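K.L.:
Quick one: the structure is below, and I'll ask about it shortly.
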Amino acid sequence: LEARSHIDVELVKLNGNEASFRVSEDMAFIEAMNQTMAGAMFYGNPGTDPRQFLGLQTRYSSLTAGNGANILDAGGTGSNNCSIYLVVWGEDTVFCPFPKGSEAGLMHQDLGEESVPDANGNMYQAVRALYQWKNGLAVKDWRYVVRICNINVTDLVGQSATQASSAATQIINLMIRAMDRPPNLAMGRAVFYANRTVYSMLRVAALNKSSGALAIEAATNQFGTAYKMTTFFGIPLRKVDQLLNTESRVV
């Protein structure tokens, strides 16, 4: 991934604090790269776009495939489905590689000031920055990824039909089954990934459940900010906006 930021020098001068202003303006580029990376993590397909790496949905796309044992069917039909993923991150399970000898993660380079064209082709002076992220996804052992697919969004929000409390396909039941698919959860760091709709409904379930399976716990992010983290049997649940509510049925 690569993005270039151009900020008008006059705006920088008006702000008075160049460093902080440039960081605030560049956050949009960083967020866009984060979202692109997240989308590729799940939906990347070099067969349709050679710039992408192979994502998890592309790898876990058929109930009858060799890894079909790790694809759980939530019973939804049509094209308004979504998925939950359980990933056990580790050196011997699933990890994100980067080129040998290069920096891991997002790289930033200040390119200084230069004349650049605006949308109308008129030149102006801008301070520029280059952002690069050399990333990938390696599934070393397919048993350490589980996909819960065919979650009908309408049923989930209404808590009816395939997502009724008595249904065997209710996502809480399938999440329990998903935890038993990897041979050993202690092989790495287990994390559930779900989109905003699923995440929200699980938080509602966490408040309504009398058991301790779903919990909202105090946590701290990488910047030291306190927040409430939803867990399922102690496994963190992460919200990923790139996961769609419009997936076709997996068969």
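Just remember, in the structure tokens the first chain shown is A, the second B, etc., residues are 1-based per chain, and ligands are 1-based in the order shown.
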For Leu237 of chain A, list every protein, DNA or RNA residue within 12 Å, evaluated using only C-alpha atoms, and leave out those in the same chain fewer than 5 positions away; present the list as a PyMOL selection string.
P.N.:
chain A and resi 84-87+175+190-196+198-200+202-203+206+214-217+228-232
K.L.:
Give me the residues within 7 Å of Lys140 of chain A as number ranges by chain, counting only C-alpha atoms and dropping any in the same chain fewer than 2 places off.
P.N.:
A: 92-94, 138, 142
K.L.:
Find the spatial neighbours of Gly66 of chain A, counting only C-alpha atoms, within a cut-off of 12 Å - ignore same-chain residues fewer than 6 positions away - and output them as a VMD selection string.
P.N.:
chain A and resid 59 to 60 142 to 143
K.L.:
When you look at Asn150 of chain A with a cut-off of 7 Å (counting only C-alpha atoms), what residues show up, excluding the ones that are within fewer than 6 positions of it in the same chain? I need them as an mmCIF file with N, CA, C and O atoms, in the first residue's frame.
P.N.:
data_model
loop_
_atom_site.group_PDB
_atom_site.id
_atom_site.type_symbol
_atom_site.label_atom_id
_atom_site.label_comp_id
_atom_site.auth_asym_id
_atom_site.auth_seq_id
_atom_site.Cartn_x
_atom_site.Cartn_y
_atom_site.Cartn_z
ATOM 1 N N ASP A 73 -21.925 -23.150 9.132
ATOM 2 C CA ASP A 73 -23.064 -22.579 8.418
ATOM 3 C C ASP A 73 -24.124 -22.104 9.406
ATOM 4 O O ASP A 73 -24.679 -22.889 10.178
ATOM 5 N N ALA A 74 -24.416 -20.785 9.372
ATOM 6 C CA ALA A 74 -25.427 -20.215 10.265
ATOM 7 C C ALA A 74 -26.827 -20.255 9.665
ATOM 8 O O ALA A 74 -27.768 -19.718 10.261
ATOM 9 N N GLY A 75 -26.984 -20.860 8.495
ATOM 10 C CA GLY A 75 -28.313 -21.116 7.955
ATOM 11 C C GLY A 75 -28.928 -20.040 7.111
ATOM 12 O O GLY A 75 -30.027 -20.215 6.579
ATOM 13 N N GLY A 76 -28.269 -18.909 6.936
ATOM 14 C CA GLY A 76 -28.844 -17.826 6.146
ATOM 15 C C GLY A 76 -28.808 -18.115 4.661
ATOM 16 O O GLY A 76 -27.948 -18.846 4.172
ATOM 17 N N THR A 77 -29.747 -17.541 3.920
ATOM 18 C CA THR A 77 -29.795 -17.679 2.465
ATOM 19 C C THR A 77 -29.806 -16.292 1.834
ATOM 20 O O THR A 77 -29.782 -15.281 2.530
ATOM 21 N N ASN A 81 -26.123 -11.793 3.938
ATOM 22 C CA ASN A 81 -25.439 -12.539 4.987
ATOM 23 C C ASN A 81 -24.145 -11.856 5.390
ATOM 24 O O ASN A 81 -23.602 -11.021 4.667
ATOM 25 N N CYS A 82 -23.629 -12.244 6.553
ATOM 26 C CA CYS A 82 -22.332 -11.766 7.013
ATOM 27 C C CYS A 82 -21.601 -12.916 7.688
ATOM 28 O O CYS A 82 -22.135 -14.022 7.809
ATOM 29 N N SER A 83 -20.372 -12.667 8.112
ATOM 30 C CA SER A 83 -19.541 -13.722 8.691
ATOM 31 C C SER A 83 -18.844 -13.243 9.948
ATOM 32 O O SER A 83 -18.635 -12.047 10.151
ATOM 33 N N ARG A 249 -24.645 -16.546 -0.103
ATOM 34 C CA ARG A 249 -24.631 -17.780 0.672
ATOM 35 C C ARG A 249 -23.427 -18.642 0.276
ATOM 36 O O ARG A 249 -23.122 -18.832 -0.905
ATOM 37 N N VAL A 250 -22.740 -19.153 1.288
ATOM 38 C CA VAL A 250 -21.630 -20.083 1.070
ATOM 39 C C VAL A 250 -22.189 -21.503 1.041
ATOM 40 O O VAL A 250 -22.950 -21.892 1.927
#
K.L.:
Ranking A:Ser62, A:Asn120, A:Gly188, A:Arg147 by minimum distance to Phe42 of chain A and counting only C-alpha atoms, which one comes first?
P.N.:
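Using only C-alpha atoms, Phe42 of chain A sits closest to A:Arg147.
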K.L.:
Leaving out segment 20-26 of chain A and any residue of its chain fewer than 3 positions from it, which residues lie within 12 Å of it when counting only C-alpha atoms, given as a PyMOL selection string?
P.N.:
chain A and resi 3-17+29-33+108+110+112+126-131
K.L.:
Of the candidates A:Ser115, A:Asn80, A:Asn122, A:Gln132, which shows the shortest atom-to-atom distance to Cys149 of chain A, using only C-alpha atoms?
P.N.:
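Closest residue, counting only C-alpha atoms: A:Asn80.
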K.L.:
Report as a VMD selection string all protein, DNA and RNA residues lying within 7 Å of Gly90 of chain A, evaluated on only C-alpha atoms, omitting residues in the same chain fewer than 5 positions from it.
P.N.:
chain A and resid 95 187 to 189
K.L.:
When you count only C-alpha atoms, which of these residues is closest to Thr246 of chain A: A:Pro99, A:Gly121, A:Gly78, A:Gly55?
P.N.:
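Between A:Pro99, A:Gly121, A:Gly78, A:Gly55, the residue approaching Thr246 of chain A most closely is A:Gly78.
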K.L.:
Let me make sure I understand: among A:Val240, A:Ala38, A:Ile235, A:Leu106, which one has the smallest atom-to-atom distance to Ala213 of chain A if we use only C-alpha atoms?
P.N.:
A:Ile235
